[in-house]
Amino acid sequence: MQHTQKATGVEVSAPLVVDGAAVSQWRARRQDFVQADESKKIERLAATSRFIRSQVLTTINTAGLGHIGGDFSVTDILVTLYEGVLAVDPANISLPTRDRFILSKGHCAAALYSVLAHSGYFSADRLVHFAKDLSPLNGHPNRNKIPGVETNTGPLGHGLPVGVGCATAAKLQGLNFRTYVVVGDGELQEGSNWEAAMYAAQQKLGNLTLIVDRNRLQQGATTAETNELEPLADKWTAFGWETHVINGHSYEELLHVLSMAPGERPRAVIANTVKGKGVSFMENGVEWHHKVPSAAQYEAAMKEVAA
Ligand SMILES: Cc1ncc(C[n+]2csc(CCOP(=O)(O)OP(=O)(O)O)c2C)c(N)n1
């Protein structure tokens with residue numbers, strides 16, 4: 001049987017508004033999280049990721065489009081940030097001191113929307129409208145329509161330059177918020193990233209953290225076949241960044257590196273990930289960049305992501 005999310009009766013084009021109950025739940029989870037021991041934290045993040053992957057699968061299944069492979073490679077990173085790291089208040093999206101987060105690989109909007117809804121920025125019921133005509137939940141995020149989205153993305157290569165702007169603004173204003181940007185590894189082939197990287201190092205933007213979703217696949221091919229990025233860590237180091245290489249599906253490693261105090265230099269985290277992570281027949285399959293599962297594949301995938 002093909003699962004779909006239920007229509008809510010809310011007009012597709014209605015503005016998104018904060019979901020107070022979900023914000024309260026998010027706040028309670030965050031409070032518990034801060035007090036929990038390491039193993040409990042890991043358990044929590046794993047459970048939330050299972051939930052988010054199931055929700056993304058259903059969202060894409062309902063919409064009939066989406067970028068499931070890249071959604072699943074970035075899920076654990078997004079969940080760790082929103083459940084355990086970012087200093088944000090979903091009920092007060094304009095707070096000047098909030099941490100800024102930019103998902104520069106905007107084609108993976110379904111994962112971002114699912115995590116934002118789980119944090120209360122808007123009601124999860126609205127995910128049923130993902131990528132529908134007139135829906136605020138566009139196939140790529142739009143800051144004018146979606147609470148919690150800091151900048152519009154979609155054309156690759158713009159998130160890091162905007163993030164550098166946010167980090168610079170914090171310094172100029174004497175505010176101590178942090179800026180986190182996630183880019184795809186294929187996206188790093190856009191030259192604008194390297195201009196931003198040079199400037200961030202020159203300005204010693206220690207309040208800026210870049211996370212590279214290093215799943216080694218892009219649209220239709222591997223990054224190595226398209227435009228080799230290696231030696232990637234050496235490149236960031238040579239550009240003057242503090243560089244870390246981690247397993248992007250290890251909550252321990254993610255939590256550790258994303259919670260480190262700001263240093264003297266901008267920080268690049270190369271997170272080794274698996275495109276399609278969590279579904280055996282999607283993992284490392286380049287065709288799953290934006291393929292939609294059949295009914296049988298959807299059923300099988302749901303069992304795997306929830307396990
Ligand atoms: C400037 C620009 N060129 C091309 C595209 C089309 N495009 C969408 S996703 C994608 C591949 C991106 O690969 P990667 O950054 O590695 O993302 P992931 O594998 O994590 O989904 C491309 C080329 C785009 N969105 N923007």
# chains A, B, ... in the order shown; residues from 1 in each chain; ligands from 1

call {"tool": "residues_near_ligand", "arguments": {"ligand": "ligand 1", "cutoff": "8 Å", "atoms": "only C-alpha atoms and all ligand atoms", "output": "PyMOL selection string"}}
result
chain A and resi 67+69-71+73-74+105-108+154-157+183-188+190+213-220+223+275+289

call {"tool": "residues_around", "arguments": {"residues": "A:Pro141", "least_positions_apart": "3", "cutoff": "12 Å", "atoms": "only C-alpha atoms", "output": "ChimeraX atom specification"}}
result
/A:102-113,116,130-131,135-138,144-155,159

call {"tool": "write_last_selection", "arguments": {"atoms": "N, CA, C and O atoms", "output": "tab-separated table (two decimals), in the first residue's frame"}}
result
chain	number	residue	atom	x	y	z
A	102	ILE	N	22.67	27.90	7.24
A	102	ILE	CA	22.34	27.93	5.81
A	102	ILE	C	22.61	26.55	5.21
A	102	ILE	O	23.74	26.06	5.25
A	103	LEU	N	21.54	25.94	4.65
A	103	LEU	CA	21.73	24.72	3.87
A	103	LEU	C	21.93	25.17	2.43
A	103	LEU	O	20.97	25.46	1.71
A	104	SER	N	23.19	25.24	2.03
A	104	SER	CA	23.48	25.79	0.70
A	104	SER	C	23.05	24.83	-0.41
A	104	SER	O	22.69	25.27	-1.50
A	105	LYS	N	23.09	23.52	-0.13
A	105	LYS	CA	22.64	22.55	-1.15
A	105	LYS	C	21.10	22.51	-1.07
A	105	LYS	O	20.49	21.57	-0.54
A	106	GLY	N	20.51	23.58	-1.62
A	106	GLY	CA	19.08	23.83	-1.44
A	106	GLY	C	18.17	22.80	-2.07
A	106	GLY	O	16.98	22.72	-1.72
A	107	HIS	N	18.71	21.98	-2.98
A	107	HIS	CA	17.87	20.92	-3.56
A	107	HIS	C	17.46	19.91	-2.49
A	107	HIS	O	16.53	19.14	-2.71
A	108	CYS	N	18.15	19.92	-1.34
A	108	CYS	CA	17.79	18.98	-0.27
A	108	CYS	C	16.83	19.63	0.73
A	108	CYS	O	16.86	19.38	1.94
A	109	ALA	N	15.95	20.45	0.18
A	109	ALA	CA	14.95	21.18	0.97
A	109	ALA	C	14.06	20.25	1.80
A	109	ALA	O	13.69	20.60	2.91
A	110	ALA	N	13.72	19.09	1.28
A	110	ALA	CA	12.77	18.22	2.01
A	110	ALA	C	13.32	17.85	3.39
A	110	ALA	O	12.57	17.83	4.38
A	111	ALA	N	14.63	17.60	3.47
A	111	ALA	CA	15.23	17.26	4.77
A	111	ALA	C	15.21	18.48	5.69
A	111	ALA	O	14.88	18.39	6.87
A	112	LEU	N	15.55	19.64	5.13
A	112	LEU	CA	15.54	20.87	5.94
A	112	LEU	C	14.12	21.15	6.44
A	112	LEU	O	13.92	21.45	7.62
A	113	TYR	N	13.13	21.05	5.57
A	113	TYR	CA	11.75	21.36	5.97
A	113	TYR	C	11.28	20.42	7.07
A	113	TYR	O	10.59	20.82	8.01
A	116	LEU	N	12.96	21.54	10.26
A	116	LEU	CA	12.37	22.81	10.72
A	116	LEU	C	10.99	22.58	11.32
A	116	LEU	O	10.65	23.13	12.38
A	130	PHE	N	4.57	20.03	0.02
A	130	PHE	CA	5.93	20.22	-0.51
A	130	PHE	C	5.93	20.22	-2.04
A	130	PHE	O	5.41	19.31	-2.68
A	131	ALA	N	6.50	21.29	-2.60
A	131	ALA	CA	6.73	21.42	-4.04
A	131	ALA	C	5.44	21.49	-4.88
A	131	ALA	O	5.48	21.31	-6.09
A	135	SER	N	2.64	26.57	-3.18
A	135	SER	CA	3.01	26.27	-1.80
A	135	SER	C	4.22	27.09	-1.39
A	135	SER	O	5.15	27.28	-2.17
A	136	PRO	N	4.25	27.58	-0.13
A	136	PRO	CA	5.47	28.24	0.35
A	136	PRO	C	6.65	27.26	0.43
A	136	PRO	O	7.80	27.68	0.43
A	137	LEU	N	6.33	25.97	0.54
A	137	LEU	CA	7.40	24.96	0.65
A	137	LEU	C	7.90	24.59	-0.74
A	137	LEU	O	7.66	23.49	-1.25
A	138	ASN	N	8.58	25.53	-1.36
A	138	ASN	CA	9.13	25.33	-2.70
A	138	ASN	C	10.11	24.15	-2.73
A	138	ASN	O	10.65	23.77	-1.70
A	144	ASN	N	11.64	34.29	2.23
A	144	ASN	CA	10.46	35.15	2.36
A	144	ASN	C	9.19	34.34	2.64
A	144	ASN	O	8.14	34.90	2.92
A	145	LYS	N	9.29	33.04	2.52
A	145	LYS	CA	8.09	32.22	2.69
A	145	LYS	C	8.19	31.24	3.85
A	145	LYS	O	7.17	30.76	4.33
A	146	ILE	N	9.42	30.92	4.27
A	146	ILE	CA	9.57	29.84	5.25
A	146	ILE	C	10.28	30.33	6.50
A	146	ILE	O	11.46	30.70	6.45
A	147	PRO	N	9.58	30.33	7.65
A	147	PRO	CA	10.22	30.75	8.89
A	147	PRO	C	11.45	29.88	9.17
A	147	PRO	O	11.40	28.65	9.04
A	148	GLY	N	12.54	30.51	9.53
A	148	GLY	CA	13.75	29.76	9.88
A	148	GLY	C	14.74	29.62	8.73
A	148	GLY	O	15.87	29.21	8.94
A	149	VAL	N	14.31	29.96	7.51
A	149	VAL	CA	15.24	29.91	6.38
A	149	VAL	C	15.94	31.27	6.30
A	149	VAL	O	15.29	32.30	6.23
A	150	GLU	N	17.26	31.25	6.34
A	150	GLU	CA	18.02	32.51	6.43
A	150	GLU	C	18.26	33.16	5.07
A	150	GLU	O	18.43	34.38	4.98
A	151	THR	N	18.36	32.36	4.02
A	151	THR	CA	18.62	32.93	2.71
A	151	THR	C	18.11	31.98	1.63
A	151	THR	O	18.04	30.77	1.86
A	152	ASN	N	17.73	32.53	0.51
A	152	ASN	CA	17.26	31.67	-0.58
A	152	ASN	C	18.43	30.88	-1.16
A	152	ASN	O	19.54	31.41	-1.29
A	153	THR	N	18.17	29.64	-1.51
A	153	THR	CA	19.21	28.80	-2.11
A	153	THR	C	18.58	27.99	-3.23
A	153	THR	O	17.36	28.00	-3.40
A	154	GLY	N	19.40	27.29	-3.95
A	154	GLY	CA	18.93	26.53	-5.11
A	154	GLY	C	20.04	26.53	-6.14
A	154	GLY	O	20.60	25.49	-6.45
A	155	PRO	N	20.39	27.73	-6.65
A	155	PRO	CA	21.61	27.80	-7.45
A	155	PRO	C	22.78	27.50	-6.51
A	155	PRO	O	22.94	28.17	-5.49
A	159	GLY	N	25.62	29.74	-0.71
A	159	GLY	CA	25.44	29.67	0.74
A	159	GLY	C	26.66	30.11	1.52
A	159	GLY	O	26.55	30.84	2.50

call {"tool": "select_by_dssp", "arguments": {"residues": "stretch 166-210 of chain A", "states": "strand (DSSP E)", "output": "list of chain:residue names"}}
result
A:Thr179, A:Tyr180, A:Val181, A:Val182, A:Val183, A:Gly184, A:Leu208, A:Thr209, A:Leu210

call {"tool": "residues_around", "arguments": {"residues": "A:Gly20", "least_positions_apart": "6", "cutoff": "9 Å", "atoms": "only C-alpha atoms", "output": "list in words"}}
result
Ala91, Gly120, Tyr121, Phe122 and Ser123 of chain A

call {"tool": "write_last_selection", "arguments": {"atoms": "N, CA, C and O atoms", "output": "PDB file, in the first residue's frame"}}
result
ATOM      1  N   ALA A  91      10.475  30.193  17.960  1.00  0.00           N
ATOM      2  CA  ALA A  91       9.336  31.106  18.129  1.00  0.00           C
ATOM      3  C   ALA A  91       9.757  32.555  17.915  1.00  0.00           C
ATOM      4  O   ALA A  91       8.917  33.455  17.948  1.00  0.00           O
ATOM      5  N   GLY A 120       9.344  23.156  15.172  1.00  0.00           N
ATOM      6  CA  GLY A 120       8.213  24.051  15.419  1.00  0.00           C
ATOM      7  C   GLY A 120       8.177  25.312  14.575  1.00  0.00           C
ATOM      8  O   GLY A 120       7.317  26.162  14.775  1.00  0.00           O
ATOM      9  N   TYR A 121       9.094  25.464  13.625  1.00  0.00           N
ATOM     10  CA  TYR A 121       9.069  26.678  12.789  1.00  0.00           C
ATOM     11  C   TYR A 121       7.752  26.775  12.012  1.00  0.00           C
ATOM     12  O   TYR A 121       7.301  27.857  11.677  1.00  0.00           O
ATOM     13  N   PHE A 122       7.185  25.628  11.689  1.00  0.00           N
ATOM     14  CA  PHE A 122       5.851  25.574  11.080  1.00  0.00           C
ATOM     15  C   PHE A 122       5.300  24.177  11.311  1.00  0.00           C
ATOM     16  O   PHE A 122       6.035  23.274  11.763  1.00  0.00           O
ATOM     17  N   SER A 123       4.014  24.007  11.009  1.00  0.00           N
ATOM     18  CA  SER A 123       3.385  22.726  11.314  1.00  0.00           C
ATOM     19  C   SER A 123       3.793  21.634  10.317  1.00  0.00           C
ATOM     20  O   SER A 123       3.781  21.857   9.095  1.00  0.00           O
TER      21      SER A 123
END

call {"tool": "closest_atom_pairs", "arguments": {"of": "stretch 150-263 of chain A", "to": "stretch 85-90 of chain A", "cutoff": "9 Å", "atoms": "only C-alpha atoms", "output": "CSV"}}
result
residue,atom,partner,partner_atom,distance
A:Phe177,CA,A:Ala87,CA,7.9
A:Arg178,CA,A:Leu86,CA,8.3
A:Tyr180,CA,A:Leu86,CA,8.7
A:Leu255,CA,A:Val85,CA,7.4
A:Leu258,CA,A:Val85,CA,6.9
A:Ser259,CA,A:Val85,CA,6.3

call {"tool": "residues_around", "arguments": {"residues": "A:Ser114", "least_positions_apart": "3", "cutoff": "8 Å", "atoms": "only C-alpha atoms", "output": "JSON, numbers by chain"}}
result
{"A": [52, 55, 56, 110, 111, 117, 118, 124, 127]}

call {"tool": "write_last_selection", "arguments": {"atoms": "N, CA and C atoms", "output": "PDB file, in the first residue's frame"}}
result
ATOM      1  N   ILE A  52      12.956  11.606  11.008  1.00  0.00           N
ATOM      2  CA  ILE A  52      13.103  12.570   9.908  1.00  0.00           C
ATOM      3  C   ILE A  52      13.225  11.831   8.574  1.00  0.00           C
ATOM      4  N   GLN A  55       9.891  10.750   7.493  1.00  0.00           N
ATOM      5  CA  GLN A  55       9.066  11.881   7.065  1.00  0.00           C
ATOM      6  C   GLN A  55       9.501  12.400   5.684  1.00  0.00           C
ATOM      7  N   VAL A  56      10.787  12.415   5.448  1.00  0.00           N
ATOM      8  CA  VAL A  56      11.299  12.864   4.143  1.00  0.00           C
ATOM      9  C   VAL A  56      10.826  11.908   3.042  1.00  0.00           C
ATOM     10  N   ALA A 110      13.718  19.086   1.282  1.00  0.00           N
ATOM     11  CA  ALA A 110      12.767  18.215   2.011  1.00  0.00           C
ATOM     12  C   ALA A 110      13.324  17.852   3.388  1.00  0.00           C
ATOM     13  N   ALA A 111      14.628  17.600   3.468  1.00  0.00           N
ATOM     14  CA  ALA A 111      15.229  17.257   4.771  1.00  0.00           C
ATOM     15  C   ALA A 111      15.211  18.483   5.685  1.00  0.00           C
ATOM     16  N   ALA A 117      10.190  21.752  10.666  1.00  0.00           N
ATOM     17  CA  ALA A 117       8.847  21.465  11.196  1.00  0.00           C
ATOM     18  C   ALA A 117       8.957  20.754  12.547  1.00  0.00           C
ATOM     19  N   HIS A 118       9.910  19.844  12.663  1.00  0.00           N
ATOM     20  CA  HIS A 118      10.086  19.114  13.922  1.00  0.00           C
ATOM     21  C   HIS A 118      10.528  20.056  15.047  1.00  0.00           C
ATOM     22  N   ALA A 124       4.102  20.464  10.836  1.00  0.00           N
ATOM     23  CA  ALA A 124       4.490  19.332   9.982  1.00  0.00           C
ATOM     24  C   ALA A 124       3.362  18.930   9.026  1.00  0.00           C
ATOM     25  N   LEU A 127       3.813  19.724   5.331  1.00  0.00           N
ATOM     26  CA  LEU A 127       4.767  19.019   4.450  1.00  0.00           C
ATOM     27  C   LEU A 127       4.058  18.336   3.283  1.00  0.00           C
TER      28      LEU A 127
END

call {"tool": "closest_residue", "arguments": {"among": "A:Trp194, A:Thr75, A:Ser280, A:Glu252", "to": "A:Asp37", "atoms": "only C-alpha atoms"}}
result
A:Glu252

call {"tool": "select_by_dssp", "arguments": {"residues": "stretch 98-271 of chain A", "states": "helix (DSSP H, G or I)", "output": "MDAnalysis selection string"}}
result
chainID A and resid 106:118 124:129 159:173 186:189 192:202 223:227 232:238 251:259

call {"tool": "residues_around", "arguments": {"residues": "A:Thr179", "least_positions_apart": "4", "cutoff": "6 Å", "atoms": "only C-alpha atoms", "output": "PyMOL selection string"}}
result
chain A and resi 99-101+167+208

call {"tool": "write_last_selection", "arguments": {"atoms": "N, CA and C atoms", "output": "JSON list (two decimals), in the first residue's frame"}}
result
[["chain", "number", "residue", "atom", "x", "y", "z"],
["A", 99, "ASP", "N", 21.91, 31.94, 16.25],
["A", 99, "ASP", "CA", 22.87, 31.35, 15.32],
["A", 99, "ASP", "C", 22.24, 31.32, 13.93],
["A", 100, "ARG", "N", 23.07, 31.48, 12.91],
["A", 100, "ARG", "CA", 22.58, 31.42, 11.53],
["A", 100, "ARG", "C", 22.94, 30.05, 10.95],
["A", 101, "PHE", "N", 21.95, 29.44, 10.30],
["A", 101, "PHE", "CA", 22.23, 28.18, 9.59],
["A", 101, "PHE", "C", 21.79, 28.30, 8.14],
["A", 167, "ALA", "N", 28.77, 36.02, 9.20],
["A", 167, "ALA", "CA", 29.85, 35.96, 10.21],
["A", 167, "ALA", "C", 30.56, 37.31, 10.32],
["A", 208, "LEU", "N", 32.67, 31.16, 12.10],
["A", 208, "LEU", "CA", 32.06, 30.51, 10.92],
["A", 208, "LEU", "C", 32.48, 29.05, 10.83]]

call {"tool": "atom_distance", "arguments": {"atom1": "atom CA of A:Ala200", "atom2": "atom CA of A:Gly174"}}
result
16.8 Å

call {"tool": "residues_around", "arguments": {"residues": "A:Lys41", "least_positions_apart": "6", "cutoff": "9 Å", "atoms": "only C-alpha atoms", "output": "ChimeraX atom specification"}}
result
/A:32-34,84,251-252

call {"tool": "closest_residue", "arguments": {"among": "A:Glu225, A:Lys291, A:Ser119, A:Thr48", "to": "A:Ser24", "atoms": "only C-alpha atoms"}}
result
A:Ser119

call {"tool": "atom_distance", "arguments": {"atom1": "atom CA of A:Pro161", "atom2": "atom CA of A:Ala197"}}
result
8.2 Å

call {"tool": "residues_around", "arguments": {"residues": "A:Leu134", "least_positions_apart": "6", "cutoff": "10 Å", "atoms": "only C-alpha atoms", "output": "number ranges by chain"}}
result
A: 11-14

call {"tool": "closest_residue", "arguments": {"among": "A:Met198, A:Thr209, A:Val245, A:Gly285", "to": "A:Ala221", "atoms": "only C-alpha atoms"}}
result
A:Gly285

call {"tool": "closest_residue", "arguments": {"among": "A:Val305, A:Ala28, A:Leu78, A:Ala296", "to": "A:Gly276", "atoms": "only C-alpha atoms"}}
result
A:Val305

call {"tool": "atom_distance", "arguments": {"atom1": "atom CA of A:Val79", "atom2": "atom CA of A:Ala46"}}
result
8.8 Å

call {"tool": "closest_residue", "arguments": {"among": "A:His249, A:Lys277, A:Lys204, A:Lys132", "to": "A:Glu264", "atoms": "only C-alpha atoms"}}
result
A:Lys204

call {"tool": "closest_residue", "arguments": {"among": "A:Ile77, A:Ala196, A:Ile68, A:Ala170", "to": "A:Thr97", "atoms": "only C-alpha atoms"}}
result
A:Ala170

call {"tool": "decode", "arguments": {"residues": "stretch 21-33 of chain A", "atoms": "all heavy atoms", "output": "PDB file, in the first residue's frame"}}
result
ATOM      1  N   ALA A  21       2.894  24.164  19.750  1.00  0.00           N
ATOM      2  CA  ALA A  21       3.036  22.885  20.457  1.00  0.00           C
ATOM      3  C   ALA A  21       4.354  22.221  20.084  1.00  0.00           C
ATOM      4  O   ALA A  21       5.071  21.677  20.941  1.00  0.00           O
ATOM      5  CB  ALA A  21       1.863  21.966  20.101  1.00  0.00           C
ATOM      6  N   ALA A  22       4.696  22.296  18.803  1.00  0.00           N
ATOM      7  CA  ALA A  22       5.955  21.668  18.367  1.00  0.00           C
ATOM      8  C   ALA A  22       7.162  22.414  18.929  1.00  0.00           C
ATOM      9  O   ALA A  22       8.178  21.796  19.274  1.00  0.00           O
ATOM     10  CB  ALA A  22       6.020  21.616  16.839  1.00  0.00           C
ATOM     11  N   VAL A  23       7.037  23.749  19.065  1.00  0.00           N
ATOM     12  CA  VAL A  23       8.141  24.512  19.663  1.00  0.00           C
ATOM     13  C   VAL A  23       8.327  24.071  21.114  1.00  0.00           C
ATOM     14  O   VAL A  23       9.460  23.841  21.566  1.00  0.00           O
ATOM     15  CB  VAL A  23       7.885  26.044  19.620  1.00  0.00           C
ATOM     16  CG1 VAL A  23       8.947  26.792  20.422  1.00  0.00           C
ATOM     17  CG2 VAL A  23       7.854  26.549  18.195  1.00  0.00           C
ATOM     18  N   SER A  24       7.203  23.920  21.839  1.00  0.00           N
ATOM     19  CA  SER A  24       7.309  23.495  23.246  1.00  0.00           C
ATOM     20  C   SER A  24       7.994  22.136  23.344  1.00  0.00           C
ATOM     21  O   SER A  24       8.850  21.912  24.211  1.00  0.00           O
ATOM     22  CB  SER A  24       5.934  23.390  23.900  1.00  0.00           C
ATOM     23  OG  SER A  24       5.296  24.616  23.821  1.00  0.00           O
ATOM     24  N   GLN A  25       7.608  21.233  22.432  1.00  0.00           N
ATOM     25  CA  GLN A  25       8.235  19.897  22.463  1.00  0.00           C
ATOM     26  C   GLN A  25       9.728  20.003  22.162  1.00  0.00           C
ATOM     27  O   GLN A  25      10.560  19.339  22.771  1.00  0.00           O
ATOM     28  CB  GLN A  25       7.559  18.971  21.455  1.00  0.00           C
ATOM     29  CG  GLN A  25       6.177  18.532  21.904  1.00  0.00           C
ATOM     30  CD  GLN A  25       5.387  17.891  20.767  1.00  0.00           C
ATOM     31  OE1 GLN A  25       5.927  17.605  19.703  1.00  0.00           O
ATOM     32  NE2 GLN A  25       4.103  17.680  20.989  1.00  0.00           N
ATOM     33  N   TRP A  26      10.061  20.848  21.187  1.00  0.00           N
ATOM     34  CA  TRP A  26      11.472  21.019  20.825  1.00  0.00           C
ATOM     35  C   TRP A  26      12.250  21.581  22.014  1.00  0.00           C
ATOM     36  O   TRP A  26      13.356  21.131  22.334  1.00  0.00           O
ATOM     37  CB  TRP A  26      11.588  21.937  19.607  1.00  0.00           C
ATOM     38  CG  TRP A  26      13.006  22.263  19.241  1.00  0.00           C
ATOM     39  CD1 TRP A  26      13.856  21.497  18.494  1.00  0.00           C
ATOM     40  CD2 TRP A  26      13.755  23.428  19.627  1.00  0.00           C
ATOM     41  NE1 TRP A  26      15.082  22.114  18.381  1.00  0.00           N
ATOM     42  CE2 TRP A  26      15.042  23.310  19.068  1.00  0.00           C
ATOM     43  CE3 TRP A  26      13.459  24.559  20.384  1.00  0.00           C
ATOM     44  CZ2 TRP A  26      16.031  24.276  19.250  1.00  0.00           C
ATOM     45  CZ3 TRP A  26      14.444  25.523  20.565  1.00  0.00           C
ATOM     46  CH2 TRP A  26      15.713  25.374  19.998  1.00  0.00           C
ATOM     47  N   ARG A  27      11.651  22.574  22.690  1.00  0.00           N
ATOM     48  CA  ARG A  27      12.337  23.172  23.854  1.00  0.00           C
ATOM     49  C   ARG A  27      12.554  22.137  24.953  1.00  0.00           C
ATOM     50  O   ARG A  27      13.615  22.081  25.563  1.00  0.00           O
ATOM     51  CB  ARG A  27      11.504  24.326  24.416  1.00  0.00           C
ATOM     52  CG  ARG A  27      11.605  25.568  23.565  1.00  0.00           C
ATOM     53  CD  ARG A  27      10.953  26.736  24.278  1.00  0.00           C
ATOM     54  NE  ARG A  27      11.033  27.921  23.452  1.00  0.00           N
ATOM     55  CZ  ARG A  27      10.060  28.820  23.315  1.00  0.00           C
ATOM     56  NH1 ARG A  27       8.929  28.670  23.970  1.00  0.00           N
ATOM     57  NH2 ARG A  27      10.225  29.867  22.541  1.00  0.00           N
ATOM     58  N   ALA A  28      11.518  21.311  25.180  1.00  0.00           N
ATOM     59  CA  ALA A  28      11.644  20.282  26.229  1.00  0.00           C
ATOM     60  C   ALA A  28      12.735  19.279  25.849  1.00  0.00           C
ATOM     61  O   ALA A  28      13.554  18.880  26.692  1.00  0.00           O
ATOM     62  CB  ALA A  28      10.305  19.582  26.422  1.00  0.00           C
ATOM     63  N   ARG A  29      12.742  18.898  24.568  1.00  0.00           N
ATOM     64  CA  ARG A  29      13.790  17.947  24.111  1.00  0.00           C
ATOM     65  C   ARG A  29      15.167  18.557  24.296  1.00  0.00           C
ATOM     66  O   ARG A  29      16.097  17.906  24.725  1.00  0.00           O
ATOM     67  CB  ARG A  29      13.599  17.595  22.625  1.00  0.00           C
ATOM     68  CG  ARG A  29      12.488  16.632  22.312  1.00  0.00           C
ATOM     69  CD  ARG A  29      12.693  15.952  20.962  1.00  0.00           C
ATOM     70  NE  ARG A  29      12.908  16.842  19.842  1.00  0.00           N
ATOM     71  CZ  ARG A  29      11.950  17.469  19.144  1.00  0.00           C
ATOM     72  NH1 ARG A  29      10.694  17.288  19.485  1.00  0.00           N
ATOM     73  NH2 ARG A  29      12.248  18.248  18.124  1.00  0.00           N
ATOM     74  N   ARG A  30      15.290  19.839  23.946  1.00  0.00           N
ATOM     75  CA  ARG A  30      16.595  20.508  24.037  1.00  0.00           C
ATOM     76  C   ARG A  30      17.070  20.574  25.489  1.00  0.00           C
ATOM     77  O   ARG A  30      18.229  20.329  25.800  1.00  0.00           O
ATOM     78  CB  ARG A  30      16.500  21.902  23.413  1.00  0.00           C
ATOM     79  CG  ARG A  30      17.782  22.732  23.492  1.00  0.00           C
ATOM     80  CD  ARG A  30      18.982  22.054  22.858  1.00  0.00           C
ATOM     81  NE  ARG A  30      19.044  22.128  21.438  1.00  0.00           N
ATOM     82  CZ  ARG A  30      19.597  23.142  20.749  1.00  0.00           C
ATOM     83  NH1 ARG A  30      20.122  24.154  21.381  1.00  0.00           N
ATOM     84  NH2 ARG A  30      19.623  23.102  19.433  1.00  0.00           N
ATOM     85  N   GLN A  31      16.126  20.882  26.391  1.00  0.00           N
ATOM     86  CA  GLN A  31      16.497  20.965  27.806  1.00  0.00           C
ATOM     87  C   GLN A  31      16.991  19.604  28.317  1.00  0.00           C
ATOM     88  O   GLN A  31      18.013  19.519  28.991  1.00  0.00           O
ATOM     89  CB  GLN A  31      15.288  21.418  28.612  1.00  0.00           C
ATOM     90  CG  GLN A  31      15.669  22.177  29.850  1.00  0.00           C
ATOM     91  CD  GLN A  31      14.435  22.815  30.471  1.00  0.00           C
ATOM     92  OE1 GLN A  31      13.303  22.518  30.094  1.00  0.00           O
ATOM     93  NE2 GLN A  31      14.649  23.680  31.427  1.00  0.00           N
ATOM     94  N   ASP A  32      16.258  18.558  27.965  1.00  0.00           N
ATOM     95  CA  ASP A  32      16.669  17.196  28.359  1.00  0.00           C
ATOM     96  C   ASP A  32      18.016  16.859  27.736  1.00  0.00           C
ATOM     97  O   ASP A  32      18.863  16.231  28.359  1.00  0.00           O
ATOM     98  CB  ASP A  32      15.669  16.158  27.827  1.00  0.00           C
ATOM     99  CG  ASP A  32      14.397  16.155  28.647  1.00  0.00           C
ATOM    100  OD1 ASP A  32      14.336  16.886  29.648  1.00  0.00           O
ATOM    101  OD2 ASP A  32      13.463  15.426  28.257  1.00  0.00           O
ATOM    102  N   PHE A  33      18.166  17.277  26.493  1.00  0.00           N
ATOM    103  CA  PHE A  33      19.382  16.937  25.759  1.00  0.00           C
ATOM    104  C   PHE A  33      20.606  17.509  26.473  1.00  0.00           C
ATOM    105  O   PHE A  33      21.607  16.821  26.670  1.00  0.00           O
ATOM    106  CB  PHE A  33      19.295  17.496  24.331  1.00  0.00           C
ATOM    107  CG  PHE A  33      20.369  17.008  23.417  1.00  0.00           C
ATOM    108  CD1 PHE A  33      20.210  15.821  22.706  1.00  0.00           C
ATOM    109  CD2 PHE A  33      21.554  17.715  23.264  1.00  0.00           C
ATOM    110  CE1 PHE A  33      21.203  15.361  21.864  1.00  0.00           C
ATOM    111  CE2 PHE A  33      22.552  17.260  22.430  1.00  0.00           C
ATOM    112  CZ  PHE A  33      22.384  16.083  21.719  1.00  0.00           C
TER     113      PHE A  33
END
